[in-house]
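Next comes input22.cif, a file with mmCIF, C-alpha atoms.
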data_structure
#
loop_
_atom_site.group_PDB
_atom_site.id
_atom_site.type_symbol
_atom_site.label_atom_id
_atom_site.label_comp_id
_atom_site.auth_asym_id
_atom_site.auth_seq_id
_atom_site.Cartn_x
_atom_site.Cartn_y
_atom_site.Cartn_z
ATOM 1 C CA MET A 1 3.072 -19.696 10.171
ATOM 2 C CA ILE A 2 5.050 -19.747 6.898
ATOM 3 C CA LEU A 3 7.878 -21.668 8.587
ATOM 4 C CA ASN A 4 5.336 -24.213 9.899
ATOM 5 C CA ARG A 5 4.036 -24.761 6.348
ATOM 6 C CA ILE A 6 7.593 -25.260 5.057
ATOM 7 C CA VAL A 7 8.372 -27.823 7.777
ATOM 8 C CA TYR A 8 5.026 -29.523 7.030
ATOM 9 C CA ARG A 9 5.968 -29.865 3.340
ATOM 10 C CA ILE A 10 9.368 -31.328 4.267
ATOM 11 C CA PHE A 11 7.703 -33.893 6.553
ATOM 12 C CA ARG A 12 5.278 -34.799 3.739
ATOM 13 C CA LEU A 13 8.221 -35.314 1.364
ATOM 14 C CA LEU A 14 9.776 -37.602 3.981
ATOM 15 C CA GLY A 15 6.629 -39.745 3.979
ATOM 16 C CA TRP A 16 4.791 -38.437 7.043
ATOM 17 C CA ARG A 17 0.978 -38.476 7.215
ATOM 18 C CA PHE A 18 -1.279 -36.061 9.097
ATOM 19 C CA GLU A 19 -4.622 -37.374 10.291
ATOM 20 C CA GLY A 20 -7.639 -36.009 12.116
ATOM 21 C CA GLY A 21 -8.163 -32.389 12.976
ATOM 22 C CA LEU A 22 -9.444 -29.989 15.564
ATOM 23 C CA PRO A 23 -13.041 -30.197 16.743
ATOM 24 C CA PRO A 24 -15.378 -27.273 15.980
ATOM 25 C CA ASP A 25 -14.916 -25.970 19.541
ATOM 26 C CA PRO A 26 -13.287 -22.515 19.410
ATOM 27 C CA LYS A 27 -11.221 -23.256 22.516
ATOM 28 C CA VAL A 28 -9.274 -26.488 23.086
ATOM 29 C CA ILE A 29 -6.196 -27.925 24.742
ATOM 30 C CA VAL A 30 -3.953 -30.091 22.544
ATOM 31 C CA ILE A 31 -1.637 -32.394 24.474
ATOM 32 C CA GLY A 32 1.358 -33.695 22.531
ATOM 33 C CA ALA A 33 2.920 -37.067 23.277
ATOM 34 C CA PRO A 34 4.992 -39.133 23.316
ATOM 35 C CA HIS A 35 7.663 -36.500 23.837
ATOM 36 C CA THR A 36 11.005 -38.310 23.661
ATOM 37 C CA SER A 37 13.435 -36.183 21.624
ATOM 38 C CA ASN A 38 14.328 -32.728 20.364
ATOM 39 C CA TRP A 39 12.968 -33.784 16.942
ATOM 40 C CA ASP A 40 9.479 -33.589 18.453
ATOM 41 C CA PHE A 41 9.627 -29.803 18.114
ATOM 42 C CA LEU A 42 9.998 -30.050 14.324
ATOM 43 C CA ALA A 43 7.138 -32.547 14.223
ATOM 44 C CA PHE A 44 5.088 -30.064 16.272
ATOM 45 C CA MET A 45 5.876 -27.312 13.748
ATOM 46 C CA ALA A 46 4.863 -29.611 10.886
ATOM 47 C CA ALA A 47 1.577 -30.415 12.638
ATOM 48 C CA MET A 48 0.844 -26.727 13.175
ATOM 49 C CA GLY A 49 1.378 -26.209 9.438
ATOM 50 C CA ALA A 50 -0.685 -29.245 8.446
ATOM 51 C CA PHE A 51 -3.651 -28.424 10.665
ATOM 52 C CA ARG A 52 -3.257 -24.643 10.261
ATOM 53 C CA ILE A 53 -3.153 -24.085 13.992
ATOM 54 C CA ARG A 54 -1.886 -20.907 15.603
ATOM 55 C CA PRO A 55 -0.870 -22.414 18.946
ATOM 56 C CA ARG A 56 -0.620 -20.811 22.336
ATOM 57 C CA TYR A 57 1.855 -22.185 24.840
ATOM 58 C CA LEU A 58 2.946 -21.504 28.414
ATOM 59 C CA GLY A 59 6.243 -19.889 29.295
ATOM 60 C CA LYS A 60 7.942 -18.699 32.447
ATOM 61 C CA HIS A 61 6.978 -15.046 32.994
ATOM 62 C CA SER A 62 10.603 -13.941 33.137
ATOM 63 C CA LEU A 63 11.072 -14.932 29.467
ATOM 64 C CA PHE A 64 8.562 -12.254 28.469
ATOM 65 C CA ARG A 65 10.619 -9.251 29.612
ATOM 66 C CA TRP A 66 11.876 -6.654 27.174
ATOM 67 C CA PRO A 67 13.055 -7.191 24.468
ATOM 68 C CA PHE A 68 12.221 -10.888 24.099
ATOM 69 C CA GLY A 69 8.654 -10.570 25.379
ATOM 70 C CA ILE A 70 7.452 -9.172 22.070
ATOM 71 C CA PHE A 71 8.918 -12.171 20.227
ATOM 72 C CA PHE A 72 7.522 -14.819 22.603
ATOM 73 C CA ARG A 73 4.048 -13.241 22.649
ATOM 74 C CA ALA A 74 4.045 -13.028 18.830
ATOM 75 C CA LEU A 75 4.699 -16.779 18.757
ATOM 76 C CA GLY A 76 1.663 -17.412 20.988
ATOM 77 C CA GLY A 77 3.362 -17.433 24.369
ATOM 78 C CA ILE A 78 1.379 -16.956 27.567
ATOM 79 C CA PRO A 79 3.536 -15.736 30.462
ATOM 80 C CA VAL A 80 2.777 -17.566 33.710
ATOM 81 C CA ASP A 81 4.075 -16.809 37.179
ATOM 82 C CA ARG A 82 4.010 -19.852 39.456
ATOM 83 C CA ARG A 83 4.223 -17.570 42.518
ATOM 84 C CA LYS A 84 1.024 -15.682 41.638
ATOM 85 C CA PRO A 85 -2.088 -16.412 43.745
ATOM 86 C CA GLY A 86 -4.433 -18.696 41.824
ATOM 87 C CA GLY A 87 -1.461 -20.383 40.228
ATOM 88 C CA VAL A 88 -0.837 -21.322 36.638
ATOM 89 C CA VAL A 89 -4.259 -22.913 36.230
ATOM 90 C CA GLY A 90 -6.009 -19.689 37.219
ATOM 91 C CA GLN A 91 -3.858 -17.623 34.869
ATOM 92 C CA VAL A 92 -4.537 -19.929 31.918
ATOM 93 C CA VAL A 93 -8.262 -20.077 32.651
ATOM 94 C CA GLU A 94 -8.277 -16.252 32.527
ATOM 95 C CA GLU A 95 -6.576 -16.416 29.106
ATOM 96 C CA PHE A 96 -9.244 -18.837 27.859
ATOM 97 C CA ALA A 97 -12.016 -16.597 29.243
ATOM 98 C CA GLY A 98 -10.619 -13.551 27.464
ATOM 99 C CA ALA A 99 -10.077 -15.270 24.106
ATOM 100 C CA GLU A 100 -12.577 -15.757 21.329
ATOM 101 C CA ARG A 101 -10.541 -18.671 19.931
ATOM 102 C CA MET A 102 -7.619 -20.432 21.579
ATOM 103 C CA VAL A 103 -5.602 -23.613 20.995
ATOM 104 C CA LEU A 104 -3.329 -24.235 23.976
ATOM 105 C CA VAL A 105 -0.599 -26.794 23.249
ATOM 106 C CA LEU A 106 1.025 -28.647 26.166
ATOM 107 C CA ALA A 107 3.454 -31.547 26.606
ATOM 108 C CA PRO A 108 1.985 -33.345 29.658
ATOM 109 C CA GLU A 109 5.086 -35.486 30.165
ATOM 110 C CA GLY A 110 6.992 -32.320 30.998
ATOM 111 C CA THR A 111 10.282 -33.807 29.803
ATOM 112 C CA ARG A 112 11.870 -35.628 26.870
ATOM 113 C CA GLY A 113 13.029 -38.384 29.208
ATOM 114 C CA SER A 114 10.865 -41.109 30.660
ATOM 115 C CA ALA A 115 8.502 -39.595 33.225
ATOM 116 C CA GLU A 116 6.966 -41.811 35.884
ATOM 117 C CA LYS A 117 3.719 -39.833 35.608
ATOM 118 C CA TRP A 118 2.304 -37.073 33.464
ATOM 119 C CA LYS A 119 1.708 -33.634 34.911
ATOM 120 C CA SER A 120 -2.029 -33.196 35.475
ATOM 121 C CA GLY A 121 -2.311 -29.437 34.940
ATOM 122 C CA PHE A 122 -3.995 -30.011 31.587
ATOM 123 C CA ILE A 123 -6.868 -31.758 33.370
ATOM 124 C CA ALA A 124 -7.271 -28.940 35.901
ATOM 125 C CA ILE A 125 -7.237 -26.324 33.123
ATOM 126 C CA ALA A 126 -9.715 -28.284 30.967
ATOM 127 C CA LYS A 127 -12.057 -28.717 33.926
ATOM 128 C CA ALA A 128 -11.890 -25.080 35.093
ATOM 129 C CA ALA A 129 -12.091 -23.570 31.582
ATOM 130 C CA GLY A 130 -14.696 -26.066 30.349
ATOM 131 C CA VAL A 131 -12.684 -26.958 27.241
ATOM 132 C CA PRO A 132 -12.022 -30.337 25.589
ATOM 133 C CA VAL A 133 -8.613 -31.998 25.419
ATOM 134 C CA VAL A 134 -7.395 -33.172 22.008
ATOM 135 C CA PRO A 135 -4.689 -35.858 22.116
ATOM 136 C CA GLY A 136 -1.952 -34.949 19.622
ATOM 137 C CA VAL A 137 -0.362 -38.284 18.797
ATOM 138 C CA LEU A 138 3.212 -38.220 17.499
ATOM 139 C CA ASP A 139 4.007 -41.673 16.094
ATOM 140 C CA PHE A 140 7.518 -42.005 14.673
ATOM 141 C CA GLY A 141 6.968 -45.741 14.076
ATOM 142 C CA ARG A 142 4.170 -45.081 11.569
ATOM 143 C CA LYS A 143 5.414 -41.618 10.506
ATOM 144 C CA THR A 144 2.050 -40.202 11.507
ATOM 145 C CA ILE A 145 0.902 -37.160 13.434
ATOM 146 C CA ARG A 146 -2.733 -37.416 14.436
ATOM 147 C CA LEU A 147 -5.169 -35.182 16.242
ATOM 148 C CA ALA A 148 -7.476 -37.685 17.933
ATOM 149 C CA ASP A 149 -11.080 -37.171 18.968
ATOM 150 C CA PRO A 150 -11.566 -34.607 21.740
ATOM 151 C CA VAL A 151 -11.997 -35.823 25.306
ATOM 152 C CA ARG A 152 -14.056 -33.842 27.811
ATOM 153 C CA PHE A 153 -13.420 -34.119 31.535
ATOM 154 C CA GLU A 154 -16.672 -35.220 33.161
ATOM 155 C CA GLY A 155 -15.536 -35.651 36.759
ATOM 156 C CA ASP A 156 -13.937 -39.112 36.689
ATOM 157 C CA VAL A 157 -10.142 -38.902 36.319
ATOM 158 C CA ASN A 158 -9.747 -42.634 35.680
ATOM 159 C CA ALA A 159 -12.359 -42.693 32.887
ATOM 160 C CA PHE A 160 -10.878 -39.537 31.368
ATOM 161 C CA MET A 161 -7.336 -40.946 31.381
ATOM 162 C CA ASP A 162 -8.556 -44.279 29.966
ATOM 163 C CA ARG A 163 -9.830 -42.361 26.920
ATOM 164 C CA ILE A 164 -6.527 -40.496 26.676
ATOM 165 C CA ARG A 165 -4.560 -43.781 26.876
ATOM 166 C CA THR A 166 -6.728 -45.261 24.105
ATOM 167 C CA ALA A 167 -5.828 -42.355 21.815
ATOM 168 C CA TYR A 168 -2.082 -43.010 22.318
ATOM 169 C CA ALA A 169 -2.249 -46.825 22.133
ATOM 170 C CA GLY A 170 0.496 -48.151 19.872
ATOM 171 C CA ALA A 171 2.198 -44.771 19.275
ATOM 172 C CA THR A 172 6.000 -44.882 19.279
ATOM 173 C CA GLY A 173 8.208 -41.928 20.129
ATOM 174 C CA ARG A 174 11.452 -41.277 18.286
ATOM 175 C CA ARG A 175 13.261 -42.798 21.278
ATOM 176 C CA PRO A 176 10.844 -45.501 22.538
ATOM 177 C CA GLN A 177 12.996 -46.092 25.631
ATOM 178 C CA GLY A 178 12.106 -42.526 26.675
ATOM 179 C CA GLN A 179 8.374 -43.250 26.827
ATOM 180 C CA GLY A 180 6.871 -43.564 30.264
ATOM 181 C CA PRO A 181 3.425 -44.699 31.382
ATOM 182 C CA ILE A 182 0.390 -42.524 30.656
ATOM 183 C CA ARG A 183 -0.785 -41.847 34.214
ATOM 184 C CA VAL A 184 -1.382 -38.873 36.490
ATOM 185 C CA ASN A 185 -1.101 -38.672 40.285
ATOM 186 C CA GLU A 186 -4.861 -38.256 40.707
ATOM 187 C CA GLU A 187 -5.607 -41.763 39.376
ATOM 188 C CA ASP A 188 -6.372 -44.585 41.823
#
Give the structure from the file, written as structure tokens.
Amino acid sequence: MILNRIVYRIFRLLGWRFEGGLPPDPKVIVIGAPHTSNWDFLAFMAAMGAFRIRPRYLGKHSLFRWPFGIFFRALGGIPVDRRKPGGVVGQVVEEFAGAERMVLVLAPEGTRGSAEKWKSGFIAIAKAAGVPVVPGVLDFGRKTIRLADPVRFEGDVNAFMDRIRTAYAGATGRRPQGQGPIRVNEED
């Protein structure tokens, strides 16, 4: 957390602004985009410092073996095993159910390169856990990191994604050529 605050202060000195915040909900999913470079990780750290978020994130279960497991868990890691019955969604929903407060941070593009479509696991998790999705907008063009208004999944994927697209309208990644469309397979 101290490192996040230091990175936040550096970003502020470089002229970055931090807007918005988390909703009062004790459990949320924050999706970060556009994700186009390795610099996004430092921006993520700055945002965690600015908004005083202790994030949780997903990691391959094999990363959590001794001795590194202690380190990854201390940083908020949730080990997931894609081979386990119920899949990743079921494992994450269990984590949400067992937590009093939880901010799960995901990069729906799944890559720093241009993705044809976003991965839709965040929608499945939000629906099953009954938690809102907060678009975390990383805009290198405006030097702004913004937590937009929360979006709740209410059964219509197209309407849900339209609200997500609105939150990211005009945002520019560090490498704009690496930005792909904001779409998921489940859309018409």
Tell me, counting all atoms listed in the file, for each residue of segment 28-63 of chain A within 8 Å of segment 139-157 of chain A, which pair of atoms is nearest and how far apart they are in Å to one decimal, in rows ordered by chain and increasing number, as JSON lines.
{"residue": "A:Pro34", "atom": "CA", "partner": "A:Asp139", "partner_atom": "CA", "distance": 7.7}
{"residue": "A:Ala43", "atom": "CA", "partner": "A:Ile145", "partner_atom": "CA", "distance": 7.8}
{"residue": "A:Ala47", "atom": "CA", "partner": "A:Ile145", "partner_atom": "CA", "distance": 6.8}
_Selected residue of minimal separation from Phe64 of chain A among A:Ile78, A:Val28, A:Leu106, A:Ala128, counting all atoms listed in the file_ =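 Closest to Phe64 of chain A of all the choices is A:Ile78.
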Could you list the residues chosen by the PyMOL selection byres ((chain A and resi 55) around 6) in this structure as an mmCIF file with C-alpha atoms, in the coordinates of the input?
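Result saved to part01.cif:
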data_model
loop_
_atom_site.group_PDB
_atom_site.id
_atom_site.type_symbol
_atom_site.label_atom_id
_atom_site.label_comp_id
_atom_site.auth_asym_id
_atom_site.auth_seq_id
_atom_site.Cartn_x
_atom_site.Cartn_y
_atom_site.Cartn_z
ATOM 1 C CA ILE A 53 -3.153 -24.085 13.992
ATOM 2 C CA ARG A 54 -1.886 -20.907 15.603
ATOM 3 C CA ARG A 56 -0.620 -20.811 22.336
ATOM 4 C CA GLY A 76 1.663 -17.412 20.988
ATOM 5 C CA VAL A 103 -5.602 -23.613 20.995
ATOM 6 C CA LEU A 104 -3.329 -24.235 23.976
#
*Choose the residue, out of A:Arg5, A:Tyr57, A:Pro176, A:Leu14, that has the smallest atom-to-atom separation from Ala74 of chain A; count all atoms listed in the file.*
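Selected residue with least distance to Ala74 of chain A: A:Tyr57.
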Which residues would end up in the selection if the PyMOL selection byres ((chain A and resi 2) around 12) were applied here, given that I need the answer as a compact mmCIF listing (two decimals) with C-alpha atoms, keeping the file's coordinate frame?
# COMPACT_ATOMS: atom_id res chain seq x y z
CA MET A 1 3.07 -19.70 10.17
CA LEU A 3 7.88 -21.67 8.59
CA ASN A 4 5.34 -24.21 9.90
CA ARG A 5 4.04 -24.76 6.35
CA ILE A 6 7.59 -25.26 5.06
CA VAL A 7 8.37 -27.82 7.78
CA TYR A 8 5.03 -29.52 7.03
CA ARG A 9 5.97 -29.86 3.34
CA MET A 45 5.88 -27.31 13.75
CA ALA A 46 4.86 -29.61 10.89
CA MET A 48 0.84 -26.73 13.18
CA GLY A 49 1.38 -26.21 9.44
CA ALA A 50 -0.68 -29.24 8.45
CA ARG A 52 -3.26 -24.64 10.26
CA ILE A 53 -3.15 -24.08 13.99
CA ARG A 54 -1.89 -20.91 15.60
